[in-house]
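Next comes model-v1.txt, with compact mmCIF, C-alpha atoms and all ligand atoms.
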```
# COMPACT_ATOMS: atom_id res chain seq x y z
CA MET N 1 376.82 199.67 279.96
CA SER N 2 374.39 198.62 277.22
CA LEU N 3 371.02 197.05 277.83
CA ILE N 4 370.18 194.15 275.54
CA VAL N 5 366.77 192.49 275.21
CA GLN N 6 366.96 188.99 273.76
CA LYS N 7 364.04 186.72 272.88
CA TYR N 8 364.34 182.97 272.36
CA GLY N 9 361.48 181.18 270.57
CA GLY N 10 360.00 177.78 271.37
CA SER N 11 362.27 175.67 269.15
CA SER N 12 365.34 177.38 270.64
CA VAL N 13 364.39 176.17 274.14
CA ALA N 14 362.73 172.87 273.21
CA THR N 15 365.00 170.54 275.26
CA PRO N 16 367.16 170.77 278.42
CA GLU N 17 370.27 170.73 276.17
CA LYS N 18 368.96 173.65 274.12
CA ILE N 19 368.06 175.54 277.28
CA LYS N 20 371.63 175.09 278.53
CA SER N 21 373.06 176.20 275.21
CA VAL N 22 370.84 179.34 275.23
CA ALA N 23 371.85 179.94 278.88
CA ARG N 24 375.52 179.97 277.78
CA ARG N 25 374.72 182.49 275.05
CA ILE N 26 372.90 184.74 277.53
CA ILE N 27 375.82 184.55 279.97
CA ALA N 28 378.27 185.40 277.18
CA THR N 29 376.23 188.56 276.45
CA LYS N 30 376.33 189.46 280.16
CA GLU N 31 380.09 188.82 280.34
CA GLU N 32 380.64 191.21 277.45
CA GLY N 33 379.58 193.89 279.94
CA ASN N 34 375.89 194.24 279.12
CA ARG N 35 372.75 194.27 281.23
CA VAL N 36 370.51 191.52 279.85
CA VAL N 37 366.75 191.01 279.83
CA VAL N 38 365.60 187.79 278.21
CA VAL N 39 362.14 186.84 276.97
CA VAL N 40 361.44 183.16 276.42
CA SER N 41 358.64 181.25 274.74
CA ALA N 42 357.16 177.94 275.83
CA MET N 43 359.36 174.90 275.19
CA GLY N 44 358.87 173.35 271.73
CA ASP N 45 355.22 172.65 270.94
CA THR N 46 354.00 173.15 274.52
CA THR N 47 351.44 175.82 273.57
CA ASP N 48 349.91 173.56 270.91
CA SER N 49 349.75 170.67 273.39
CA LEU N 50 348.07 172.84 276.01
CA ILE N 51 345.45 174.03 273.50
CA GLU N 52 344.84 170.41 272.53
CA LEU N 53 344.45 169.52 276.20
CA ALA N 54 341.83 172.25 276.62
CA ASN N 55 339.91 170.93 273.62
CA ARG N 56 340.01 167.40 275.02
CA VAL N 57 338.33 168.31 278.25
CA SER N 58 335.87 170.83 276.85
CA SER N 59 334.02 171.36 273.58
CA ASN N 60 334.02 175.10 274.21
CA PRO N 61 336.71 176.08 276.75
CA PRO N 62 336.14 179.54 278.27
CA GLU N 63 338.79 181.89 276.91
CA ARG N 64 339.74 183.10 280.37
CA GLU N 65 340.63 179.54 281.32
CA VAL N 66 342.44 178.98 278.02
CA ASP N 67 344.69 181.93 278.89
CA GLN N 68 345.18 180.68 282.42
CA LEU N 69 346.29 177.34 280.95
CA ILE N 70 348.45 178.36 277.98
CA SER N 71 350.32 181.06 279.90
CA THR N 72 351.89 178.27 281.96
CA GLY N 73 354.05 177.14 279.03
CA GLU N 74 356.16 180.30 279.22
CA GLN N 75 356.18 180.15 283.02
CA ILE N 76 357.88 176.77 282.86
CA SER N 77 360.51 178.08 280.42
CA VAL N 78 361.47 181.13 282.47
CA ALA N 79 361.91 179.10 285.64
CA VAL N 80 364.10 176.44 284.00
CA MET N 81 366.12 179.05 282.11
CA ALA N 82 366.82 180.91 285.37
CA MET N 83 367.81 177.59 286.99
CA ALA N 84 370.20 176.76 284.13
CA ILE N 85 371.86 180.19 284.34
CA ASN N 86 372.18 180.02 288.13
CA ASP N 87 373.71 176.57 287.78
CA MET N 88 376.39 178.08 285.56
CA GLY N 89 377.34 180.50 288.30
CA HIS N 90 375.41 183.62 287.24
CA GLU N 91 372.47 185.23 288.98
CA ALA N 92 369.16 185.15 287.12
CA ILE N 93 365.58 185.75 288.22
CA SER N 94 362.44 184.64 286.36
CA MET N 95 359.20 186.63 286.14
CA THR N 96 355.72 185.93 284.82
CA GLY N 97 354.15 188.58 282.59
CA ALA N 98 352.26 189.99 285.57
CA GLN N 99 355.39 190.16 287.75
CA ALA N 100 357.22 191.91 284.92
CA GLY N 101 354.50 194.59 284.88
CA PHE N 102 352.61 193.74 281.68
CA GLU N 103 349.10 195.19 281.86
CA THR N 104 346.73 194.33 279.01
CA ASP N 105 343.13 194.77 277.97
CA SER N 106 340.71 191.91 278.66
CA SER N 107 340.43 190.41 275.16
CA HIS N 108 341.49 186.92 276.13
CA THR N 109 343.73 184.96 273.73
CA LYS N 110 344.59 188.13 271.78
CA ALA N 111 345.03 190.78 274.43
CA LYS N 112 346.71 194.10 273.69
CA ILE N 113 349.37 195.56 275.95
CA VAL N 114 348.01 198.69 277.64
CA LYS N 115 350.93 199.58 279.89
CA ILE N 116 354.19 198.12 281.15
CA LYS N 117 355.44 198.92 284.63
CA PRO N 118 359.04 197.68 284.48
CA GLY N 119 359.95 198.69 288.06
CA LYS N 120 360.68 195.16 289.24
CA ILE N 121 362.79 194.40 286.16
CA VAL N 122 364.84 197.57 286.65
CA GLU N 123 365.32 196.80 290.34
CA GLU N 124 366.70 193.32 289.59
CA LEU N 125 368.92 194.63 286.79
CA LYS N 126 370.42 197.10 289.28
CA LYS N 127 371.34 194.15 291.50
CA GLY N 128 373.30 192.78 288.53
CA LYS N 129 370.88 189.98 287.77
CA ILE N 130 369.86 188.61 284.40
CA VAL N 131 366.08 189.00 284.18
CA ILE N 132 364.09 186.27 282.42
CA VAL N 133 360.56 187.33 281.46
CA ALA N 134 357.74 185.02 280.35
CA GLY N 135 356.68 185.99 276.84
CA PHE N 136 353.15 186.12 275.42
CA GLN N 137 351.30 187.14 278.60
CA GLY N 138 350.08 189.84 280.92
CA ILE N 139 347.33 190.60 283.36
CA ASP N 140 344.18 192.71 282.94
CA VAL N 141 342.72 195.24 285.38
CA TYR N 142 340.73 192.46 287.05
CA GLU N 143 343.95 190.47 287.58
CA ASN N 144 342.97 187.83 285.02
CA VAL N 145 345.90 186.30 283.18
CA THR N 146 345.78 187.17 279.48
CA THR N 147 347.79 186.09 276.42
CA LEU N 148 348.87 188.17 273.46
CA GLY N 149 347.97 185.89 270.53
CA ARG N 150 350.08 183.19 268.88
CA GLY N 151 353.66 184.29 268.45
CA GLY N 152 353.12 186.91 271.15
CA SER N 153 356.54 186.54 272.78
CA ASP N 154 357.94 188.64 269.93
CA THR N 155 355.67 191.46 271.06
CA THR N 156 356.69 191.02 274.69
CA ALA N 157 360.33 191.44 273.66
CA VAL N 158 359.86 194.44 271.40
CA ALA N 159 357.59 196.18 273.93
CA LEU N 160 360.17 195.61 276.66
CA ALA N 161 362.95 196.93 274.43
CA ALA N 162 360.83 200.05 273.85
CA VAL N 163 359.93 200.70 277.48
CA LEU N 164 363.44 199.95 278.79
CA LYS N 165 364.98 201.99 275.94
CA ALA N 166 367.23 199.03 275.21
CA ASP N 167 370.29 199.42 273.04
CA ALA N 168 369.45 196.26 271.10
CA CYS N 169 366.48 193.95 270.58
CA GLU N 170 367.55 190.53 269.37
CA ILE N 171 365.02 187.90 268.30
CA TYR N 172 366.62 184.46 268.27
CA THR N 173 364.83 181.79 266.28
CA ASP N 174 365.28 178.61 264.24
CA VAL N 175 365.99 180.40 260.93
CA ASP N 176 368.88 182.75 260.08
CA GLY N 177 366.64 185.77 259.69
CA VAL N 178 363.71 187.01 257.64
CA TYR N 179 363.65 185.38 254.22
CA THR N 180 361.99 186.35 250.94
CA ALA N 181 359.54 183.49 251.68
CA ASP N 182 359.20 180.76 254.30
CA PRO N 183 362.39 178.76 253.63
CA ARG N 184 360.57 175.57 254.65
CA ILE N 185 358.20 176.03 251.70
CA VAL N 186 360.34 177.87 249.15
CA THR N 187 363.82 176.34 249.15
CA ASN N 188 365.12 179.11 246.87
CA ALA N 189 364.14 181.81 249.38
CA ARG N 190 367.06 183.98 250.49
CA LYS N 191 367.80 185.92 253.64
CA ILE N 192 366.99 189.63 253.59
CA ASP N 193 369.73 191.74 255.25
CA GLU N 194 367.55 194.74 256.03
CA ILE N 195 363.80 195.23 255.83
CA GLU N 196 361.68 198.28 256.65
CA TYR N 197 358.82 198.17 259.17
CA GLU N 198 356.12 198.71 256.54
CA GLU N 199 357.09 195.66 254.49
CA MET N 200 357.80 193.49 257.54
CA LEU N 201 354.44 194.40 259.06
CA GLU N 202 352.65 193.41 255.87
CA MET N 203 354.60 190.15 255.53
CA ALA N 204 353.95 189.29 259.19
CA SER N 205 350.22 190.05 258.89
CA LEU N 206 350.04 187.85 255.81
CA GLY N 207 351.55 184.74 257.37
CA ALA N 208 355.36 185.14 257.67
CA ARG N 209 355.19 183.92 261.25
CA VAL N 210 358.87 184.62 261.98
CA MET N 211 357.66 187.84 263.70
CA GLN N 212 354.23 188.46 265.21
CA SER N 213 352.72 191.41 263.33
CA ARG N 214 351.86 193.30 266.49
CA SER N 215 355.52 193.31 267.49
CA ILE N 216 356.29 195.24 264.30
CA GLU N 217 353.54 197.76 265.06
CA PHE N 218 355.28 198.34 268.39
CA ALA N 219 358.70 198.58 266.80
CA SER N 220 357.45 201.07 264.26
CA LYS N 221 355.69 203.20 266.90
CA TYR N 222 358.68 203.35 269.23
CA GLY N 223 361.49 203.07 266.68
CA VAL N 224 362.88 199.76 267.98
CA ARG N 225 365.53 198.35 265.66
CA ILE N 226 365.09 194.56 265.65
CA HIS N 227 367.75 192.00 264.83
CA VAL N 228 366.23 188.61 263.86
CA ARG N 229 368.88 185.89 263.95
CA SER N 230 369.61 182.23 264.53
CA SER N 231 369.86 180.76 268.04
CA PHE N 232 372.30 178.20 266.77
CA LYS N 233 374.77 180.37 264.79
CA GLN N 234 376.71 183.55 265.43
CA ASP N 235 376.08 185.12 261.98
CA GLU N 236 374.20 188.37 261.57
CA GLY N 237 370.57 187.93 260.60
CA THR N 238 368.03 190.48 259.39
CA PHE N 239 367.68 194.03 260.70
CA ILE N 240 364.13 195.38 260.81
CA VAL N 241 364.42 199.15 260.62
CA LYS N 242 362.61 202.38 259.85
CA GLU N 243 364.70 203.19 256.81
CA ALA N 244 367.03 200.74 255.12
CA LYS N 245 370.46 201.91 254.02
CA SER N 246 370.83 199.39 251.21
CA MET N 247 369.52 199.87 247.67
CA MET N 248 366.09 198.61 248.64
CA GLU N 249 364.15 200.85 246.27
CA LYS N 250 365.24 198.70 243.34
CA VAL N 251 363.15 195.78 244.50
CA VAL N 252 359.48 195.67 243.56
CA ILE N 253 358.46 192.56 245.49
CA ARG N 254 360.17 192.03 248.85
CA GLY N 255 358.66 188.64 249.58
CA VAL N 256 355.98 186.01 249.18
CA THR N 257 353.89 184.72 252.07
CA VAL N 258 351.57 181.80 252.73
CA ASP N 259 348.96 181.75 255.48
CA LYS N 260 347.35 178.37 256.18
CA GLU N 261 345.76 179.41 259.46
CA GLN N 262 342.64 180.90 257.94
CA ALA N 263 339.22 179.51 257.11
CA LYS N 264 336.45 180.83 254.86
CA VAL N 265 332.91 181.38 256.13
CA THR N 266 330.13 181.91 253.60
CA ILE N 267 326.62 183.09 254.42
CA LEU N 268 324.29 181.90 251.68
CA HIS N 269 321.25 183.61 250.22
CA VAL N 270 321.60 186.93 252.03
CA PRO N 271 319.01 189.63 251.15
CA ASP N 272 320.80 192.32 249.12
CA ARG N 273 319.72 195.48 250.90
CA PRO N 274 321.31 198.27 252.94
CA GLY N 275 322.18 197.48 256.55
CA ILE N 276 322.68 193.71 256.17
CA ALA N 277 326.48 193.82 255.95
CA ALA N 278 326.53 196.19 258.90
CA THR N 279 324.50 193.73 260.99
CA ILE N 280 326.76 190.80 260.10
CA PHE N 281 330.06 192.53 260.74
CA LYS N 282 328.86 194.31 263.87
CA ALA N 283 327.94 190.93 265.36
CA LEU N 284 331.37 189.52 264.49
CA ALA N 285 333.22 192.56 265.85
CA GLY N 286 331.12 192.38 269.02
CA ASN N 287 332.52 188.89 269.60
CA ASN N 288 336.09 190.09 269.07
CA ILE N 289 336.55 188.21 265.79
CA ASN N 290 339.11 189.70 263.40
CA LEU N 291 338.30 189.41 259.70
CA HIS N 292 340.85 189.18 256.94
CA MET N 293 339.15 189.17 253.54
CA ILE N 294 335.54 189.96 252.72
CA LEU N 295 333.80 189.15 249.46
CA GLN N 296 330.24 189.82 248.38
CA ASN N 297 329.06 188.04 245.27
CA VAL N 298 327.04 189.59 242.48
CA SER N 299 323.44 189.83 243.50
CA GLU N 300 320.87 187.60 241.82
CA GLU N 301 317.15 188.24 242.24
CA GLY N 302 317.75 190.32 245.36
CA TYR N 303 319.96 187.80 247.11
CA THR N 304 323.72 187.40 247.37
CA ASP N 305 326.36 185.30 249.16
CA VAL N 306 328.78 186.93 251.61
CA SER N 307 332.15 185.28 252.33
CA PHE N 308 334.89 186.27 254.72
CA THR N 309 338.01 184.70 256.16
CA VAL N 310 338.93 184.40 259.84
CA MET N 311 341.74 182.78 261.78
CA LYS N 312 340.97 179.10 262.37
CA ALA N 313 341.22 179.71 266.10
CA ASP N 314 338.16 181.98 265.77
CA LEU N 315 336.21 179.70 263.46
CA LYS N 316 333.90 178.16 266.07
CA LYS N 317 332.99 181.61 267.37
CA ALA N 318 332.53 182.98 263.84
CA ARG N 319 330.22 180.11 262.89
CA ALA N 320 328.13 180.42 266.04
CA THR N 321 327.88 184.20 265.62
CA THR N 322 326.79 184.08 261.97
CA GLU N 323 324.32 181.25 262.61
CA SER N 324 322.79 183.21 265.46
CA ILE N 325 321.89 186.12 263.15
CA LEU N 326 320.62 184.10 260.16
CA ASP N 327 316.96 184.67 261.05
CA GLU N 328 317.50 188.34 261.82
CA ILE N 329 319.07 189.03 258.41
CA GLY N 330 316.85 186.57 256.53
CA ALA N 331 319.71 184.49 255.13
CA ARG N 332 319.59 180.76 254.43
CA SER N 333 322.64 179.03 255.90
CA VAL N 334 326.35 179.15 256.71
CA THR N 335 329.05 177.03 255.10
CA ILE N 336 332.65 176.65 256.24
CA ASP N 337 335.75 175.88 254.18
CA ASP N 338 338.92 175.37 256.21
CA ASP N 339 340.80 173.82 253.32
CA ILE N 340 342.05 177.17 252.04
CA ALA N 341 345.24 179.22 252.22
CA GLN N 342 346.14 182.80 251.42
CA VAL N 343 349.12 183.45 249.17
CA SER N 344 350.46 186.98 248.89
CA VAL N 345 353.18 189.07 247.29
CA VAL N 346 354.42 192.06 249.29
CA GLY N 347 356.56 195.05 248.37
CA THR N 348 356.52 198.83 248.76
CA GLY N 349 357.93 198.96 245.22
CA MET N 350 354.41 198.08 244.03
CA LYS N 351 353.35 201.64 244.80
CA SER N 352 355.20 202.82 241.71
CA HIS N 353 354.86 199.71 239.54
CA SER N 354 351.93 198.55 237.51
CA GLY N 355 351.26 195.08 236.17
CA ILE N 356 352.01 193.12 239.34
CA ALA N 357 348.44 191.82 239.61
CA ALA N 358 348.50 190.69 235.98
CA ASP N 359 351.83 188.91 236.51
CA MET N 360 350.57 187.30 239.70
CA PHE N 361 347.35 186.00 238.17
CA GLY N 362 349.28 184.87 235.07
CA THR N 363 351.73 182.90 237.21
CA LEU N 364 348.89 181.24 239.13
CA ALA N 365 347.06 180.44 235.88
CA ARG N 366 350.18 178.73 234.47
CA GLU N 367 350.30 176.62 237.63
CA LYS N 368 346.58 175.85 237.19
CA VAL N 369 345.83 177.33 240.61
CA ASN N 370 342.26 178.55 240.95
CA ILE N 371 341.80 181.89 242.74
CA GLU N 372 338.82 181.98 245.12
CA MET N 373 339.19 185.48 246.58
CA ILE N 374 341.43 188.47 245.88
CA SER N 375 342.39 191.39 248.06
CA THR N 376 344.82 194.20 247.33
CA SER N 377 346.41 197.18 249.03
CA GLU N 378 349.09 199.63 247.93
CA ILE N 379 351.84 197.20 248.88
CA LYS N 380 350.36 193.69 248.58
CA ILE N 381 348.17 191.40 246.53
CA SER N 382 346.63 188.37 248.25
CA CYS N 383 344.76 185.43 246.77
CA VAL N 384 342.80 182.75 248.58
CA VAL N 385 343.47 179.37 246.97
CA LYS N 386 342.94 175.70 247.84
CA LYS N 387 345.32 174.71 250.61
CA GLU N 388 346.85 171.91 248.53
CA ASP N 389 347.85 174.48 245.87
CA ALA N 390 349.39 177.01 248.25
CA ASP N 391 353.01 175.83 248.42
CA ARG N 392 353.23 175.33 244.67
CA ALA N 393 351.72 178.79 244.16
CA ALA N 394 354.25 180.35 246.55
CA ARG N 395 357.21 178.69 244.82
CA SER N 396 356.15 179.87 241.39
CA LEU N 397 355.36 183.41 242.60
CA HIS N 398 358.78 183.51 244.27
CA ALA N 399 360.40 182.43 241.01
CA THR N 400 358.49 185.06 239.03
CA PHE N 401 358.96 188.00 241.35
CA VAL N 402 362.05 187.40 243.48
CA GLU N 403 364.37 185.05 241.61
CA VAL N 404 363.96 186.73 238.21
CA GLU N 405 364.50 190.12 239.85
CA ASP N 406 367.63 188.87 241.68
CA LYS N 407 369.11 187.53 238.44
CA ARG N 408 368.42 190.82 236.67
CA GLU N 409 370.15 192.74 239.46
CA ALA N 410 373.13 190.37 239.36
CA ASN N 411 373.50 191.03 235.60
CA ASP N 412 373.31 194.82 235.99
P1 LIG C 1 359.95 180.94 267.23
O1 LIG C 1 359.53 179.71 267.94
O2 LIG C 1 361.43 181.19 267.31
O3 LIG C 1 359.15 182.15 267.59
P2 LIG C 1 358.41 180.62 264.82
O4 LIG C 1 358.12 179.20 264.49
O5 LIG C 1 357.34 181.41 265.44
O6 LIG C 1 359.74 180.64 265.69
O7 LIG C 1 358.92 181.40 263.52
C1 LIG C 1 360.00 180.92 262.79
C2 LIG C 1 359.47 180.18 261.57
O8 LIG C 1 358.82 181.11 260.72
C3 LIG C 1 360.54 179.57 260.68
O9 LIG C 1 360.90 178.30 261.12
C4 LIG C 1 359.90 179.58 259.31
O10 LIG C 1 359.45 178.31 258.92
C5 LIG C 1 358.71 180.51 259.44
N1 LIG C 1 358.68 181.56 258.43
C6 LIG C 1 357.58 181.89 257.70
N2 LIG C 1 357.87 182.87 256.84
C7 LIG C 1 359.17 183.20 257.02
C8 LIG C 1 360.03 184.15 256.41
N3 LIG C 1 359.61 184.98 255.44
N4 LIG C 1 361.32 184.22 256.84
C9 LIG C 1 361.75 183.39 257.82
N5 LIG C 1 360.98 182.47 258.42
C10 LIG C 1 359.70 182.36 258.04
N1 LIG C 2 354.20 180.12 272.99
C1 LIG C 2 353.36 181.04 272.25
C2 LIG C 2 352.95 180.43 270.92
O1 LIG C 2 353.31 179.30 270.64
C3 LIG C 2 353.99 182.39 272.09
C4 LIG C 2 355.25 182.41 271.26
O2 LIG C 2 355.85 181.36 271.01
O3 LIG C 2 355.65 183.51 270.84
O4 LIG C 2 352.25 181.04 270.18
MG MG C 3 357.27 182.85 266.96
```

Would you mind writing the structure in this file as structure tokens?
Amino acid sequence: MSLIVQKYGGSSVATPEKIKSVARRIIATKEEGNRVVVVVSAMGDTTDSLIELANRVSSNPPEREVDQLISTGEQISVAVMAMAINDMGHEAISMTGAQAGFETDSSHTKAKIVKIKPGKIVEELKKGKIVIVAGFQGIDVYENVTTLGRGGSDTTAVALAAVLKADACEIYTDVDGVYTADPRIVTNARKIDEIEYEEMLEMASLGARVMQSRSIEFASKYGVRIHVRSSFKQDEGTFIVKEAKSMMEKVVIRGVTVDKEQAKVTILHVPDRPGIAATIFKALAGNNINLHMILQNVSEEGYTDVSFTVMKADLKKARATTESILDEIGARSVTIDDDIAQVSVVGTGMKSHSGIAADMFGTLAREKVNIEMISTSEIKISCVVKKEDADRAARSLHATFVEVEDKREAND
């Protein structure tokens, strides 16, 4: 008997009708002779609404209480999903993250899974029940409820598939699979049949929110083969794997991503001497703020400007932290720009190809898109641009790198 872990995202369980339709799909999997563990996200935009609620009652909600609040979205979904399945004549039991054995560290709103004790899940599976687990949450050693960062239900599912040694890990969502770009932005984007962990991890980290990046780290560490597919169709989606069987090596750029969830912080008039950067970034790290890009301008008369990007959710903390050290480092002031986006091209083929940066900058220049920051690695090039330019930039980069390449392959 196979064990299948399925995860259904927020849009797949947004209404009672959708919950019933997902319940039927889960039951069908059970009736095929499988044991089934299901992870569900909060219904529709519930998490956004809960965050908004927190910000309405408090200008600076304590992160512990934010977690306590936003974890309830998934707790609603699991209970109603179990009810719907029971109503259809099958036995299901819902569990919160804590009940399912998810232990995390204490970094509220972006906690890391430390250990999973799946005893209770296994016990219920033995009784023949379908187990419905709340995504995105756990509990720390002090029994505080924690959450795993936006999109964290993906990580719950992949981690469960790893610990339960599941035969399949299926991520059901509102798109048919992983595309060469967000299909809502780039209409010419096409579905990718198979993608390797390395490229998927990079795309996820750079804004392809179809999978949370940490879920891919888990998959890669434990060798979980993930199938991303549509909740509404039966077709095969995208397989995320260690090594792809198809002729992947031909492709230089696997995809284009856009991340609009970042903001740029600039510290002005910073003394240009050893130890200053260390002081700034130590303070930020101490407050659990993750940085994406860092840029230090050319020094003029002993002073420079230092810019970095952070997730918008961390912006308040980042601003307060940098302002609190201005006197210590002798800098003038802090400015914020949250009207930016990061556009990237990703592909392991870049390792053995030169000229991608030139082509990327050339494409952006033709579109009259100004580049504010650049960051590169072996398998990606990212540019920070004005938010209003981001979608146009992504479409033209997709045309340059993916569509031209596809046409060439079709003619071969
Ligand atoms: P869920 O609620 O199922 O977790 P998400 O909204 O988190 O779904 O992720 C699915 C969304 O990710 C899609 O609707 C799509 O707009 C977006 N997306 C961004 N980049 C990509 C990509 N490269 N491939 C597919 N979807 C993408
Ligand atoms: N509900 C959470 C979010 O909106 C977790 C998830 O959907 O994966 O981020
Ligand atoms: Mg998601």

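Between atom CA of N:Ala399 and atom CA of N:Val256 the separation is 10.0 Å.
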
### Query
From the set N:Gly149, N:Pro16, N:Gly362, N:Gly223, which residue has the shortest atom-to-atom contact distance to N:Lys165, counting only C-alpha atoms?
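Of N:Gly149, N:Pro16, N:Gly362, N:Gly223, the one nearest N:Lys165, counting only C-alpha atoms, is N:Gly223.
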
### Residue among N:Asn55, N:Ser213, N:Ser12, N:Ser205 lying closest to N:Gln342, counting all atoms listed in the file
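Result for the nearest residue to N:Gln342: N:Ser205.
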
### Task
Return as an MDAnalysis selection string every polymer residue, whether protein, DNA or RNA, with at least one atom no more than 10 Å from an atom of ligand LIG 1 (chain C); count only C-alpha atoms and all ligand atoms.
chainID N and resid 7:14 40:45 150:154 171:186 189:192 200 203:204 206:212 228:231 238 254:259

### Task
Would you please work out which residue, of N:Ala100, N:Ala157, N:Met95, N:Ala23, is nearest to ligand LIG 2 (chain C) when using all atoms listed in the file?
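Going through N:Ala100, N:Ala157, N:Met95, N:Ala23 one by one, the smallest distance to ligand LIG 2 (chain C) is for N:Ala157.
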
### Message
What does the structure give for the distance between atom CA of N:Glu367 and atom CA of N:Asp391, in Å to one decimal?
### Response
11.2 Å

### Query
Which one of N:Val37, N:Ile139, N:Val265, N:Leu148 sits closest to ligand MG 3 (chain C) if you count all atoms listed in the file?
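Comparing N:Val37, N:Ile139, N:Val265, N:Leu148 against ligand MG 3 (chain C), the winner is N:Leu148.
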
### Task
Compare N:Ile4, N:Ala84, N:Ser324, N:Thr72 by their minimum atom-to-atom distance to N:Ala166, counting only C-alpha atoms, and give me the closest one.
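Answer, going by the shortest atom-to-atom distance: N:Ile4.
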
### Query
For N:Val163, which residue out of N:Gln75, N:Asn60, N:Pro271, N:Val5 is the nearest one, using all atoms listed in the file?
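Of the candidates, the smallest distance to N:Val163 is held by N:Val5.
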
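Atom CA of N:Ala365 to atom CA of N:Phe401 spans 15.1 Å [interatomic distance, one decimal].
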
### Task
Quick one: everything within 12 Å of N:Ala277, counting only C-alpha atoms, minus sequence neighbours fewer than 6 positions away in the same chain. Send it as a PyMOL selection string.
chain N and resi 267+270-271+283-284+294-296+304-308+322+325+329+331

### Query
What lies within 10 Å of N:Gly101 using only C-alpha atoms, ignoring chain neighbours under 6 positions off, as a list in words?
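These residues fall inside the cut-off: Met95, Lys115, Ile116, Lys117, Pro118, Gly119, Lys120, Ile121, Gly138 and Ile139 of chain N.
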
### Task
Would you kindly identify which residues have an atom no farther than 10 Å from (371.7, 178.8, 274.0), using all atoms listed in the file and the file's own coordinates, and write them out as a count of residues only?
20

#### Entry: Protein and nucleic acid residues near (316.5, 188.8, 242.6) (cut-off 12 Å, all atoms listed in the file) as a list in words
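The distance filter leaves exactly His269, Val270, Pro271, Asp272, Arg273, Val298, Ser299, Glu300, Glu301, Gly302, Tyr303 and Thr304 of chain N.
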
Near N:Ala111, within 12 Å and counting only C-alpha atoms, which residues show up once chain neighbours fewer than 6 positions away are dropped, as a PDB file with C-alpha atoms, in the frame of the given file?
```pdb
ATOM      1  CA  GLU N  63     338.790 181.890 276.910  1.00  0.00           C
ATOM      2  CA  ARG N  64     339.740 183.100 280.370  1.00  0.00           C
ATOM      3  CA  ASP N  67     344.690 181.930 278.890  1.00  0.00           C
ATOM      4  CA  PHE N 102     352.610 193.740 281.680  1.00  0.00           C
ATOM      5  CA  GLU N 103     349.100 195.190 281.860  1.00  0.00           C
ATOM      6  CA  THR N 104     346.730 194.330 279.010  1.00  0.00           C
ATOM      7  CA  ASP N 105     343.130 194.770 277.970  1.00  0.00           C
ATOM      8  CA  PHE N 136     353.150 186.120 275.420  1.00  0.00           C
ATOM      9  CA  GLN N 137     351.300 187.140 278.600  1.00  0.00           C
ATOM     10  CA  GLY N 138     350.080 189.840 280.920  1.00  0.00           C
ATOM     11  CA  ILE N 139     347.330 190.600 283.360  1.00  0.00           C
ATOM     12  CA  ASP N 140     344.180 192.710 282.940  1.00  0.00           C
ATOM     13  CA  ASN N 144     342.970 187.830 285.020  1.00  0.00           C
ATOM     14  CA  VAL N 145     345.900 186.300 283.180  1.00  0.00           C
ATOM     15  CA  THR N 146     345.780 187.170 279.480  1.00  0.00           C
ATOM     16  CA  THR N 147     347.790 186.090 276.420  1.00  0.00           C
ATOM     17  CA  LEU N 148     348.870 188.170 273.460  1.00  0.00           C
ATOM     18  CA  GLY N 149     347.970 185.890 270.530  1.00  0.00           C
ATOM     19  CA  ARG N 150     350.080 183.190 268.880  1.00  0.00           C
ATOM     20  CA  GLY N 152     353.120 186.910 271.150  1.00  0.00           C
ATOM     21  CA  THR N 155     355.670 191.460 271.060  1.00  0.00           C
ATOM     22  CA  THR N 156     356.690 191.020 274.690  1.00  0.00           C
ATOM     23  CA  ARG N 214     351.860 193.300 266.490  1.00  0.00           C
ATOM     24  CA  ASN N 288     336.090 190.090 269.070  1.00  0.00           C
TER      25      ASN N 288
END
```

#### Entry: Distance query N:Met293 at most 9 Å, all atoms listed in the file, self and fewer than 4 positions along chain excluded, as a PyMOL selection string
chain N and resi 264+307-310+373-375+384

Centre and edge lengths of an axis-aligned box around all listed atoms of stretch 376-385 of chain N, with 8 Å added on each side, are to be given in Å to one decimal, as lines of an AutoDock Vina configuration file.
```
center_x = 347.3
center_y = 189.5
center_z = 247.8
size_x = 25.0
size_y = 36.3
size_z = 18.5
```
